[in-house]
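Engineer: Questions regarding the structure given below will be posed in turn.
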Amino acid sequence: MLGRWILLFILGITAALMAAPLILTVFTSLKPTTELVNPAWYPPIDMTFEHYVRVWTEGGFSRYFFNTLVISVIDAIVMIFIASMAAYAMVFIDFRGKIFLQILFLIGLMIPVTAIVLPLFQIVRSFGLLNTHLGVILADLALAVSVFVFMFTSYFAGVPKALHEAARIDGATEFQIYRRVVMPIATPAVVTTALLEFLWSWNDLLLRLLLMTRDEMRTLSVGLLNFQGTMTRDVTGLSSGTVIMAIPVVLLFLFFQRHFVRGMTSGAVK
Amino acid sequence: MAGLELKKLSKAYGNVEVLHDINLSIADGEFIVFVGPSGCGKSTLLRMIAGLEEITGGDLMIGGKLSNSLSPKQRNIAMVFQSYALYPQMTVAENMGFSLSLERRPKDEIARKVNEAAEALKLGPYLDRKPGQLSGGQRQRVAIGRAIVRQPQVFLLDEPLSNLDAALRSETRVEISELHQRMATTMIYVTHDQVEAMTMADRIVVLNGGYIEQVGSPMELYNKPASEFVAGFIGSPKMNFVKGRFADAVGAATLGVRPEHFVVGAGDDAWEGKVTLVERLGHDTILYVNVPEAGVLTVSLSGQHDQTVGDTVHLKPKMEFIHKFTNEGRPIAA
Ligand SMILES: Nc1ncnc2c1ncn2[C@@H]1O[C@H](COP(=O)(O)OP(=O)(O)OP(=O)(O)O)[C@@H](O)[C@H]1O
Ligand SMILES: [Mg+2]
């Protein structure tokens with residue numbers, strides 16, 4: 001009984017610690033400028049949406065939002081296809097050089113992005129893809145593909161081999177087996193990939209800062225930096241911008257929560 | 001429909017050869033059973049015929065056509081897996097119609113063929129269910145249905161009954177035999193259960209350690225086993241093997257007597273032993289008799305008998321049915 005209360009207490013503290021910054025940000029974003037003199041944890045008295053309107057229009061967030069959405073959605077969709085196809089081949093098809101590929105993917109898993117930003121920048125520039133969404137998308141995919149190949153590989157490893165063989169006997173080509181037999185039972189892995197890749201892409205700052213310098217290409221994460229000059233700081237703008245950026249992510253997770261948890265533990269699922 | 005010809009077929013994984021010099025010709029419409037102990041290569045041989053396992057030596061002819069490098073589809077075979085391997089996200093009807101839908105056959109044709117097969121297998125009420133909502137026996141039927149819908153040239157089954165309980169197993173055994181008679185398609189059936197082999201096969205192929213031990217009809221294998229291994233493997237309860245004095249007396253290294261070929265209670269030259277266990281099956285009574293110098297022998301008596309544990313009995317093999325083997329396990333002609 002006591003153990004239960006201690007557990008609840010720790011849980012409560014942790015939850016409060018996690019939620020506090022979010023709540024304070026929402027408070028600040030809704031306060032008229034005059035109320036900013038109050039302590040941050042004072043709720044807004046005379047609630048206003050003026051900062052949201054300002055950030056969305058003058059602040060250029062409508063454009064940033066659109067840019068971010070395009071990049072993240074394309075990232076997520078393309079990632080599902082390439083990662084699942086690569087994993088399919090690794091699990092179900094015998095070919096020469098498989099071990100070599102496996103090692104490459106492993107290396108991809110181990111190298112941090114920050115260690116290779118410079119060569120990455122040069123590669124993207126040499127393709128003439130600086131300041132394009134395509135450049136960022138390709139870089140995103142390349143950097144994260146190993147993770148999702150591993151995830152799909154472990155998921156597919158739980159699919160009985162006999163299923164693949166039965167489909168071959170039924171006359172299906174590898175692509176037909178992929179599309180009609182294997183992918184329909186891989187929903188948890190697909191959802192997890194989509195959510196994680198979307199989230200990473202949505203929140204990433206480094207690559208966007210590096211590869212896109214022109215304002216009309218910017219994403220939300222870069223846009224937020226605008227509110228933070230060296231001398232001044234537009235606290236309300238920053239707060240409402242942050243909330244705008246967080247809303248889609250929160251919605252997605254609420255919506256897919258069950259799938260997501262299942263996908264993360266999918267090694268055990270058959 | 002087609003016959004098969006296996007010529008000097010062999011299979012190696014790396015440099016370990018698991019099947020050696022397999023020569024076999026299977027007639028069109030025949031029911032062939034591959035039988036043998038675990039690990040003898042039955043499944044591997046079946047999978048080589050299916051095209052799921054690469055053939056590393058020899059030729060495989062299906063319907064007179066060299067098929068070594070044809071895809072499973074080109075071989076026009078169907079296969080029932082031990083685990084059934086049904087597509088979990090598809091309904092029963094979709095499972096059975098999958099191969100036809102891959103061929104882009106018209107919808108009504110697929111529906112008609114699926115319905116026919118479902119009718120034959122009593123699957124009608126379950127067509128819209130997913131495999132997860134079926135019992136083991138029903139799944140098994142769907143797996144068979146999926147294979148017959150395609151009207152293949154050759155029908156392959158790898159231990160299809162091993163996941164069923166005993167009652168369902170003998171029921172399904174009968175159904176598969178009837179199915180074979182109706183379809184008249186060549187069937188190759190893998191099992192490690194010699195009863196299944198004996199009851200279903202036109203001809204049995206006994207495999208042991210990657211070699212064919214013997215090919216023949218069930219009665220040929222029973223009456224004229226080509227080796228001590230086959231003699232011990234075919235027939236239930238197992239044949240008794242006796243060495244020493246009793247074998248010497250008939251001029252063999254090993255003397256083989258089937259449990260049903262003993263007479264009890266005969267004369268002075270009979271073998272004397274003590275009953276250690278009795279199994280009463282109603283139609284048969286099985287005695288386990290410890291005979292000095294011969295070991296524990298199994299004796300199967302037709303009908304009901306009243307011997308009990310501890311009784312002394314006298315056994316005499318029916319001489320016209322005994323089997324004599326050399327030291328190498330080869331039979332000595334009577
Ligand atoms: N992929 C493989 N790599 C190496 N050896 C293999 C492979 N598959 C099977 N073998 C070997 O080949 C031999 C035959 O295996 P197979 O599965 O055909 O046996 P089986 O007769 O079907 O046995 P069971 O009755 O247990 O199913 C075994 O000794 C097995 O260890
Ligand atoms: Mg097997």
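Simple scheme: letters A, B, ... for chains in structure tokens order, numbers from 1 for residues in each chain, numbers from 1 for ligands in the order shown.
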Go through stretch 130-325 of chain B and collect every residue that DSSP, computed from the backbone, puts in strand (DSSP E); the answer should be as a PyMOL selection string.

Structural biologist: chain B and resi 154-158+186-191+203-208+211-216+240-242+254-257+262-264+271-280+284-291+295-302+312-317+323-325

Engineer: Would you write out, as a tab-separated table, a table of all residues in chain B that have an atom no more than 10 Å from an atom of ligand 2, listing for each the closest atom pair and the distance in Å to one decimal, considering only C-alpha atoms and all ligand atoms and ordering rows by chain and rising residue number?

Structural biologist:
residue	atom	partner	partner_atom_place_in_ligand_line	distance
B:Val35	CA	ligand 2	1 (Mg)	9.9
B:Gly36	CA	ligand 2	1 (Mg)	9.7
B:Pro37	CA	ligand 2	1 (Mg)	9.4
B:Ser38	CA	ligand 2	1 (Mg)	7.0
B:Gly39	CA	ligand 2	1 (Mg)	7.0
B:Cys40	CA	ligand 2	1 (Mg)	8.4
B:Gly41	CA	ligand 2	1 (Mg)	7.2
B:Lys42	CA	ligand 2	1 (Mg)	5.8
B:Ser43	CA	ligand 2	1 (Mg)	4.1
B:Thr44	CA	ligand 2	1 (Mg)	7.2
B:Leu45	CA	ligand 2	1 (Mg)	9.4
B:Leu46	CA	ligand 2	1 (Mg)	8.9
B:Arg47	CA	ligand 2	1 (Mg)	9.6
B:Phe81	CA	ligand 2	1 (Mg)	9.9
B:Gln82	CA	ligand 2	1 (Mg)	8.4
B:Asp158	CA	ligand 2	1 (Mg)	6.8
B:Glu159	CA	ligand 2	1 (Mg)	7.1
B:Val190	CA	ligand 2	1 (Mg)	7.5
B:Thr191	CA	ligand 2	1 (Mg)	7.7
B:His192	CA	ligand 2	1 (Mg)	8.2

Engineer: Should the cut-off be 10 Å, what would the residue list for chain A against chain B look like, counting only C-alpha atoms, as a list in words?

Structural biologist: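 So the contacting residues turn out to be Pro160, Lys161, Ala162, Leu163, His164, Glu165, Ala166, Ala167, Arg168, Ile169, Asp170, Gly171, Ala172, Thr173, Gln176, Arg180, Val181, Val182, Pro184 and Ile185 of chain A.
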
Engineer: Between A:Tyr88, A:Tyr178, A:Phe95, A:Asn203, single out the one closest to A:Tyr155, counting only C-alpha atoms.

Structural biologist: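 The answer is A:Tyr88, which sits nearest to A:Tyr155.
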
Engineer: Stretch 224-232 of chain B: which residues within 7 Å, counting only C-alpha atoms, same-chain residues fewer than 6 positions away excluded, as a list of chain:residue names?

Structural biologist: B:Gln214, B:Lys238, B:Met239, B:Phe325, B:Gly329, B:Arg330, B:Pro331

Engineer: Write the residues of the preceding selection, restricted to N, CA and C atoms, as a CSV table (one decimal), in the first residue's frame.

Structural biologist:
chain,number,residue,atom,x,y,z
B,214,GLN,N,14.4,-48.0,-49.4
B,214,GLN,CA,13.5,-48.9,-50.2
B,214,GLN,C,12.3,-48.1,-50.7
B,238,LYS,N,6.5,-52.5,-33.5
B,238,LYS,CA,7.8,-52.7,-34.2
B,238,LYS,C,8.2,-54.2,-34.2
B,239,MET,N,8.9,-54.6,-35.3
B,239,MET,CA,9.4,-55.9,-35.4
B,239,MET,C,10.4,-56.2,-34.2
B,325,PHE,N,18.6,-61.4,-41.2
B,325,PHE,CA,19.5,-60.3,-41.7
B,325,PHE,C,20.9,-60.6,-41.4
B,329,GLY,N,22.8,-55.7,-41.8
B,329,GLY,CA,21.4,-55.4,-41.9
B,329,GLY,C,20.8,-55.7,-43.2
B,330,ARG,N,21.5,-56.5,-44.0
B,330,ARG,CA,20.9,-56.9,-45.3
B,330,ARG,C,20.1,-58.1,-45.1
B,331,PRO,N,19.0,-58.3,-45.9
B,331,PRO,CA,18.2,-59.5,-45.7
B,331,PRO,C,18.9,-60.7,-46.3

Engineer: Considering only C-alpha atoms, can you say which of B:Gln181, B:Ser10, B:Thr285, B:Thr298 comes closest to B:Met200?

Structural biologist: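 The closest residue to B:Met200 is B:Gln181.
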
Engineer: Need the shell around B:Met183: protein/DNA/RNA residues with any atom at most 10 Å away, counting only C-alpha atoms. Skip same-chain ones fewer than 4 positions apart. Format as a VMD selection string?

Structural biologist: chain B and resid 1 29 148 151 178 to 179 187

Engineer: Report the residues of stretch 73-221 of chain B whose backbone DSSP state falls under helix (DSSP H, G or I), written as a PyMOL selection string.

Structural biologist: chain B and resi 73-75+92-102+107-120+124-126+131-133+136-148+166-183+194-200+218-221

Engineer: If we count only C-alpha atoms and set the cut-off at 12 Å, which residues sit around B:Glu279, ignoring sequence neighbours fewer than 2 positions away in its own chain? Please answer as an MDAnalysis selection string.

Structural biologist: chainID B and resid 237 275:277 281:289 298:301 303:309

Engineer: Just write the chosen residues, N, CA and C atoms, as a tab-separated table (two decimals), in the first residue's frame.

Structural biologist:
chain	number	residue	atom	x	y	z
B	237	PRO	N	2.89	-52.85	-33.75
B	237	PRO	CA	4.15	-52.53	-33.07
B	237	PRO	C	5.37	-53.00	-33.86
B	275	VAL	N	6.07	-62.59	-18.67
B	275	VAL	CA	5.33	-61.41	-19.12
B	275	VAL	C	5.66	-60.24	-18.20
B	276	THR	N	6.11	-59.10	-18.77
B	276	THR	CA	6.44	-57.94	-17.94
B	276	THR	C	5.39	-56.85	-18.04
B	277	LEU	N	4.58	-56.88	-19.10
B	277	LEU	CA	3.57	-55.84	-19.27
B	277	LEU	C	2.50	-56.34	-20.24
B	281	LEU	N	-6.12	-54.03	-25.92
B	281	LEU	CA	-6.75	-53.05	-26.82
B	281	LEU	C	-8.13	-53.51	-27.27
B	282	GLY	N	-8.56	-54.67	-26.78
B	282	GLY	CA	-9.85	-55.19	-27.22
B	282	GLY	C	-9.67	-56.11	-28.40
B	283	HIS	N	-9.37	-55.54	-29.56
B	283	HIS	CA	-9.20	-56.38	-30.75
B	283	HIS	C	-7.85	-57.08	-30.73
B	284	ASP	N	-6.91	-56.53	-29.96
B	284	ASP	CA	-5.57	-57.12	-29.85
B	284	ASP	C	-5.15	-57.12	-28.39
B	285	THR	N	-4.27	-58.06	-28.06
B	285	THR	CA	-3.64	-58.02	-26.75
B	285	THR	C	-2.13	-58.01	-26.99
B	286	ILE	N	-1.46	-57.04	-26.40
B	286	ILE	CA	-0.02	-56.93	-26.63
B	286	ILE	C	0.70	-57.36	-25.36
B	287	LEU	N	1.57	-58.35	-25.48
B	287	LEU	CA	2.36	-58.82	-24.34
B	287	LEU	C	3.81	-58.39	-24.52
B	288	TYR	N	4.42	-57.95	-23.43
B	288	TYR	CA	5.86	-57.72	-23.45
B	288	TYR	C	6.46	-58.84	-22.63
B	289	VAL	N	7.29	-59.64	-23.29
B	289	VAL	CA	7.77	-60.86	-22.67
B	289	VAL	C	9.30	-60.81	-22.58
B	298	THR	N	8.08	-58.05	-28.04
B	298	THR	CA	6.70	-57.62	-28.14
B	298	THR	C	5.92	-58.71	-28.87
B	299	VAL	N	4.81	-59.08	-28.29
B	299	VAL	CA	3.98	-60.12	-28.90
B	299	VAL	C	2.57	-59.59	-29.05
B	300	SER	N	2.06	-59.62	-30.26
B	300	SER	CA	0.72	-59.11	-30.48
B	300	SER	C	-0.20	-60.27	-30.79
B	301	LEU	N	-1.19	-60.48	-29.93
B	301	LEU	CA	-2.13	-61.58	-30.12
B	301	LEU	C	-3.47	-61.02	-30.54
B	303	GLY	N	-7.32	-60.64	-30.71
B	303	GLY	CA	-8.40	-60.92	-29.77
B	303	GLY	C	-7.97	-60.72	-28.33
B	304	GLN	N	-8.81	-61.25	-27.40
B	304	GLN	CA	-8.57	-61.00	-25.98
B	304	GLN	C	-8.02	-62.25	-25.31
B	305	HIS	N	-6.97	-62.05	-24.50
B	305	HIS	CA	-6.32	-63.18	-23.84
B	305	HIS	C	-6.14	-62.86	-22.38
B	306	ASP	N	-5.95	-63.92	-21.54
B	306	ASP	CA	-5.96	-63.64	-20.11
B	306	ASP	C	-4.60	-63.72	-19.43
B	307	GLN	N	-3.49	-63.72	-20.19
B	307	GLN	CA	-2.19	-63.67	-19.53
B	307	GLN	C	-2.07	-62.39	-18.71
B	308	THR	N	-1.34	-62.50	-17.57
B	308	THR	CA	-1.12	-61.29	-16.79
B	308	THR	C	0.37	-61.19	-16.47
B	309	VAL	N	0.74	-60.05	-15.91
B	309	VAL	CA	2.13	-59.78	-15.60
B	309	VAL	C	2.66	-60.86	-14.65

Engineer: Would you kindly return, as a ChimeraX atom specification, each protein, DNA or RNA residue with an atom no farther than 7 Å from any atom of stretch 27-44 of chain A, considering only C-alpha atoms and excluding same-chain residues fewer than 4 positions away?

Structural biologist: /A:23,48-49,51,236,239-240

Engineer: Once you have the residues from the selection above, write them out as a compact mmCIF listing (two decimals), in the first residue's frame, restricted to N, CA and C atoms.

Structural biologist:
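New file part.txt:
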# COMPACT_ATOMS: atom_id res chain seq x y z
N ILE A 23 3.27 23.85 -19.99
CA ILE A 23 2.18 24.68 -19.46
C ILE A 23 2.61 26.14 -19.40
N THR A 48 -5.43 36.37 -24.74
CA THR A 48 -5.44 36.94 -26.09
C THR A 48 -4.73 36.00 -27.06
N PHE A 49 -5.19 36.03 -28.32
CA PHE A 49 -4.54 35.22 -29.36
C PHE A 49 -3.70 36.08 -30.29
N HIS A 51 -0.72 37.14 -30.28
CA HIS A 51 0.63 36.69 -30.62
C HIS A 51 0.60 35.60 -31.69
N THR A 236 6.76 36.25 -26.12
CA THR A 236 5.42 35.81 -26.52
C THR A 236 5.45 35.18 -27.91
N SER A 239 6.90 31.77 -27.63
CA SER A 239 5.98 30.83 -27.00
C SER A 239 4.88 30.39 -27.95
N SER A 240 4.25 31.34 -28.62
CA SER A 240 3.16 30.94 -29.51
C SER A 240 3.70 30.15 -30.70
